[in-house]
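I have placed the structure first, in the form of structure tokens, so that the comments after it can refer back to it.
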Amino acid sequence: MRTLPPLALAAGLAATLLLTTSCEDGKTGGDNAKNADRPGGSACVIGDLGVEVGAGAAPAAGDTGNVTVTLTNQGGACTLKGFPAVDLLAEDGTTSVSPEQTAKSRPLTLGKGSTTSFTITYVRGETGSSKSLTVRKASFALPGATADARDLPWSYGEVARRDGSGGAAQASVSGFETSGD
């Protein structure tokens, strides 16, 4: 068995340490705090996303309807962390829509051309009732970017209030769902 002289061993360890620290590029590393929020790209921005809306409108008061918003990434890879921020804008004010009670938020990375969707579920209210909101449009923003919102016209009828006159809308929003493969 051959042994290395102490000086050669020390030089080898120093070279290994120098090589290891110089190879860090800020893009990898399990516990590196500056990289913790960048697993698959930067946060998605609304300007890089194509938007399509599809609805299964509630036909009558008391029925449940769904409005699905599909987002297609037209920019570089980006990540969504959290729930979409959704507001219903009515004649008598604005009400925020809370996430579904059982919904879980998980980070979702979108590559260029990838799609995701979220759904606004609501209960249709009675036309002209004080127990309903006359919604004119819905507004949504991506997580962490509430200043940059997109407005959508609302043509799906009035929305029932949770606790009658003056209460919040009987509506909820899902988390982001993956689309395609």
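Every chain in the structure tokens takes a letter, A first, then B, and so on in the order presented; its residues are numbered from 1, and the ligands are numbered from 1 following the presented order.
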
Segment 74-137 of chain A near segment 41-47 of chain A within 6 Å: what's each residue's closest atom pair and its distance in Å to one decimal, counting only C-alpha atoms, ordered by chain then ascending residue number, as a Markdown table?
```
| residue | atom | partner | partner_atom | distance |
| --- | --- | --- | --- | --- |
| A:Ala77 | CA | A:Gly41 | CA | 5.3 |
| A:Cys78 | CA | A:Gly41 | CA | 4.5 |
| A:Thr79 | CA | A:Ala43 | CA | 4.8 |
```

#### Entry: All residues 7 Å or closer to Ala85 of chain A, only C-alpha atoms, same chain fewer than 2 positions away omitted, as a list in words
Phe83, Asp87, Phe140, Ala141, Leu142, Pro143 and Thr146 of chain A

Restrict the selected residues to C-alpha atoms and save them as a compact mmCIF listing (two decimals), in the first residue's frame.
```txt
# COMPACT_ATOMS: atom_id res chain seq x y z
CA PHE A 83 -53.60 30.63 -5.50
CA ASP A 87 -62.29 39.52 -7.16
CA PHE A 140 -57.75 37.87 -11.38
CA ALA A 141 -54.07 38.21 -10.59
CA LEU A 142 -51.26 35.71 -10.26
CA PRO A 143 -49.90 34.87 -6.81
CA THR A 146 -52.04 41.63 -7.24
```

### Message
For the structure I just gave you, how does DSSP split segment 106-169 of chain A - specifically, which residues are strand (DSSP E or B)? Reply as a PyMOL selection string.
### Response
chain A and resi 108-110+115-124+132-133+135-141+149-153+159-161+169

8 Å contact set for segment 94-97 of chain A, only C-alpha atoms, chain neighbours under 4 positions out, as a PDB file with N, CA and C atoms, in the first residue's frame:
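Saved to around28.pdb:
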```pdb
ATOM      1  N   ALA A  85     -55.504  35.275  -7.241  1.00  0.00           N
ATOM      2  CA  ALA A  85     -56.304  36.236  -6.478  1.00  0.00           C
ATOM      3  C   ALA A  85     -57.472  36.643  -7.373  1.00  0.00           C
ATOM      4  N   VAL A  86     -58.702  36.350  -6.939  1.00  0.00           N
ATOM      5  CA  VAL A  86     -59.888  36.626  -7.754  1.00  0.00           C
ATOM      6  C   VAL A  86     -60.816  37.556  -7.001  1.00  0.00           C
ATOM      7  N   ASP A  87     -61.282  38.594  -7.690  1.00  0.00           N
ATOM      8  CA  ASP A  87     -62.288  39.521  -7.159  1.00  0.00           C
ATOM      9  C   ASP A  87     -63.466  39.551  -8.118  1.00  0.00           C
ATOM     10  N   LEU A  88     -64.664  39.657  -7.549  1.00  0.00           N
ATOM     11  CA  LEU A  88     -65.866  39.883  -8.342  1.00  0.00           C
ATOM     12  C   LEU A  88     -66.244  41.346  -8.155  1.00  0.00           C
ATOM     13  N   LEU A  89     -66.357  42.067  -9.270  1.00  0.00           N
ATOM     14  CA  LEU A  89     -66.681  43.481  -9.234  1.00  0.00           C
ATOM     15  C   LEU A  89     -68.157  43.638  -9.554  1.00  0.00           C
ATOM     16  N   ALA A  90     -68.907  44.102  -8.547  1.00  0.00           N
ATOM     17  CA  ALA A  90     -70.355  44.232  -8.669  1.00  0.00           C
ATOM     18  C   ALA A  90     -70.741  45.702  -8.652  1.00  0.00           C
ATOM     19  N   ALA A 168     -70.484  38.172   1.711  1.00  0.00           N
ATOM     20  CA  ALA A 168     -69.557  37.833   0.633  1.00  0.00           C
ATOM     21  C   ALA A 168     -70.237  36.912  -0.378  1.00  0.00           C
ATOM     22  N   ALA A 169     -69.662  36.820  -1.543  1.00  0.00           N
ATOM     23  CA  ALA A 169     -70.221  35.997  -2.611  1.00  0.00           C
ATOM     24  C   ALA A 169     -70.093  34.513  -2.275  1.00  0.00           C
ATOM     25  N   ALA A 171     -68.895  31.936  -3.641  1.00  0.00           N
ATOM     26  CA  ALA A 171     -67.973  31.598  -4.726  1.00  0.00           C
ATOM     27  C   ALA A 171     -66.653  31.154  -4.123  1.00  0.00           C
ATOM     28  N   SER A 172     -65.918  30.349  -4.879  1.00  0.00           N
ATOM     29  CA  SER A 172     -64.586  29.916  -4.467  1.00  0.00           C
ATOM     30  C   SER A 172     -63.720  29.761  -5.712  1.00  0.00           C
ATOM     31  N   VAL A 173     -62.412  29.692  -5.490  1.00  0.00           N
ATOM     32  CA  VAL A 173     -61.485  29.512  -6.596  1.00  0.00           C
ATOM     33  C   VAL A 173     -60.606  28.299  -6.301  1.00  0.00           C
TER      34      VAL A 173
END
```

### Task
Find, counting only C-alpha atoms, the residue in A:Lys131, A:Gln101, A:Phe118, A:Val53 that gets nearest to Asp151 of chain A.
A:Val53

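With only C-alpha atoms as the atoms that count, the residue of A:Thr115, A:Thr121, A:Ser174, A:Thr127 with the shortest distance to Val67 of chain A is A:Thr121.
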
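Considering only segment 26-162 of chain A, backbone DSSP assigns helix (DSSP H, G or I) to Ala33, Lys34, Asn35, Ile46, Gly47 and Asp48 of chain A.
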
### Pairwise distance for atom CA of Gly166 of chain A and atom CA of Glu91 of chain A, rounded to one decimal in Å
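Atom CA of Gly166 of chain A sits 12.5 Å away from atom CA of Glu91 of chain A.
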
### Task
Have a look at A:Leu108, A:Val135, A:Leu152, A:Ala145 and name the one nearest to Tyr122 of chain A; count only C-alpha atoms.
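Using only C-alpha atoms, Tyr122 of chain A sits closest to A:Val135.
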
Within 10 Å of Thr119 of chain A using only C-alpha atoms, minus same-chain residues under 6 positions, as a PDB file with N, CA and C atoms, in the first residue's frame:
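Written file, part.pdb:
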```pdb
ATOM      1  N   VAL A  53     -61.235  31.735 -21.570  1.00  0.00           N
ATOM      2  CA  VAL A  53     -62.263  31.513 -20.558  1.00  0.00           C
ATOM      3  C   VAL A  53     -63.336  30.603 -21.128  1.00  0.00           C
ATOM      4  N   GLY A  54     -63.705  29.610 -20.349  1.00  0.00           N
ATOM      5  CA  GLY A  54     -64.803  28.720 -20.703  1.00  0.00           C
ATOM      6  C   GLY A  54     -65.722  28.629 -19.495  1.00  0.00           C
ATOM      7  N   ALA A  55     -67.018  28.510 -19.731  1.00  0.00           N
ATOM      8  CA  ALA A  55     -67.939  28.507 -18.603  1.00  0.00           C
ATOM      9  C   ALA A  55     -69.012  27.447 -18.750  1.00  0.00           C
ATOM     10  N   GLY A  65     -72.432  27.119 -10.851  1.00  0.00           N
ATOM     11  CA  GLY A  65     -71.784  27.289 -12.147  1.00  0.00           C
ATOM     12  C   GLY A  65     -70.278  27.319 -11.990  1.00  0.00           C
ATOM     13  N   ASN A  66     -69.575  27.104 -13.087  1.00  0.00           N
ATOM     14  CA  ASN A  66     -68.109  27.120 -13.103  1.00  0.00           C
ATOM     15  C   ASN A  66     -67.610  27.983 -14.240  1.00  0.00           C
ATOM     16  N   VAL A  67     -66.601  28.778 -13.947  1.00  0.00           N
ATOM     17  CA  VAL A  67     -65.914  29.565 -14.962  1.00  0.00           C
ATOM     18  C   VAL A  67     -64.449  29.133 -14.906  1.00  0.00           C
ATOM     19  N   THR A  68     -63.972  28.511 -15.982  1.00  0.00           N
ATOM     20  CA  THR A  68     -62.597  28.011 -16.023  1.00  0.00           C
ATOM     21  C   THR A  68     -61.736  28.964 -16.834  1.00  0.00           C
ATOM     22  N   VAL A  69     -60.632  29.369 -16.236  1.00  0.00           N
ATOM     23  CA  VAL A  69     -59.679  30.262 -16.882  1.00  0.00           C
ATOM     24  C   VAL A  69     -58.438  29.436 -17.204  1.00  0.00           C
ATOM     25  N   THR A  70     -58.105  29.347 -18.493  1.00  0.00           N
ATOM     26  CA  THR A  70     -56.939  28.588 -18.943  1.00  0.00           C
ATOM     27  C   THR A  70     -55.847  29.575 -19.337  1.00  0.00           C
ATOM     28  N   PRO A  84     -54.573  31.846  -7.380  1.00  0.00           N
ATOM     29  CA  PRO A  84     -54.888  33.090  -8.086  1.00  0.00           C
ATOM     30  C   PRO A  84     -55.718  33.978  -7.158  1.00  0.00           C
ATOM     31  N   PRO A  99     -60.090  30.757  -1.727  1.00  0.00           N
ATOM     32  CA  PRO A  99     -59.808  29.426  -2.272  1.00  0.00           C
ATOM     33  C   PRO A  99     -60.789  28.395  -1.731  1.00  0.00           C
ATOM     34  N   GLU A 100     -61.014  27.332  -2.494  1.00  0.00           N
ATOM     35  CA  GLU A 100     -61.850  26.226  -2.040  1.00  0.00           C
ATOM     36  C   GLU A 100     -61.296  25.724  -0.713  1.00  0.00           C
ATOM     37  N   SER A 172     -65.918  30.349  -4.879  1.00  0.00           N
ATOM     38  CA  SER A 172     -64.586  29.916  -4.467  1.00  0.00           C
ATOM     39  C   SER A 172     -63.720  29.761  -5.712  1.00  0.00           C
ATOM     40  N   VAL A 173     -62.412  29.692  -5.490  1.00  0.00           N
ATOM     41  CA  VAL A 173     -61.485  29.512  -6.596  1.00  0.00           C
ATOM     42  C   VAL A 173     -60.606  28.299  -6.301  1.00  0.00           C
ATOM     43  N   SER A 174     -60.349  27.516  -7.327  1.00  0.00           N
ATOM     44  CA  SER A 174     -59.487  26.341  -7.187  1.00  0.00           C
ATOM     45  C   SER A 174     -58.036  26.773  -7.271  1.00  0.00           C
ATOM     46  N   GLY A 175     -57.146  25.844  -6.973  1.00  0.00           N
ATOM     47  CA  GLY A 175     -55.742  26.070  -7.216  1.00  0.00           C
ATOM     48  C   GLY A 175     -55.456  25.875  -8.689  1.00  0.00           C
ATOM     49  N   PHE A 176     -54.215  26.094  -9.088  1.00  0.00           N
ATOM     50  CA  PHE A 176     -53.814  25.893 -10.473  1.00  0.00           C
ATOM     51  C   PHE A 176     -53.753  24.396 -10.757  1.00  0.00           C
ATOM     52  N   GLU A 177     -54.345  23.989 -11.864  1.00  0.00           N
ATOM     53  CA  GLU A 177     -54.374  22.584 -12.279  1.00  0.00           C
ATOM     54  C   GLU A 177     -53.481  22.425 -13.496  1.00  0.00           C
TER      55      GLU A 177
END
```

### Message
List as a list in words the protein and nucleic acid residues near Gly157 of chain A, meaning an atom at most 10 Å away when only C-alpha atoms are counted, but skip any in the same chain fewer than 6 places from it.
### Response
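That gives Ala57, Ala58, Pro59, Ala60, Ala61, Gly65, Val123, Arg124, Gly125, Glu126, Thr127, Ser132, Leu133, Thr134, Val135 and Arg136 of chain A.
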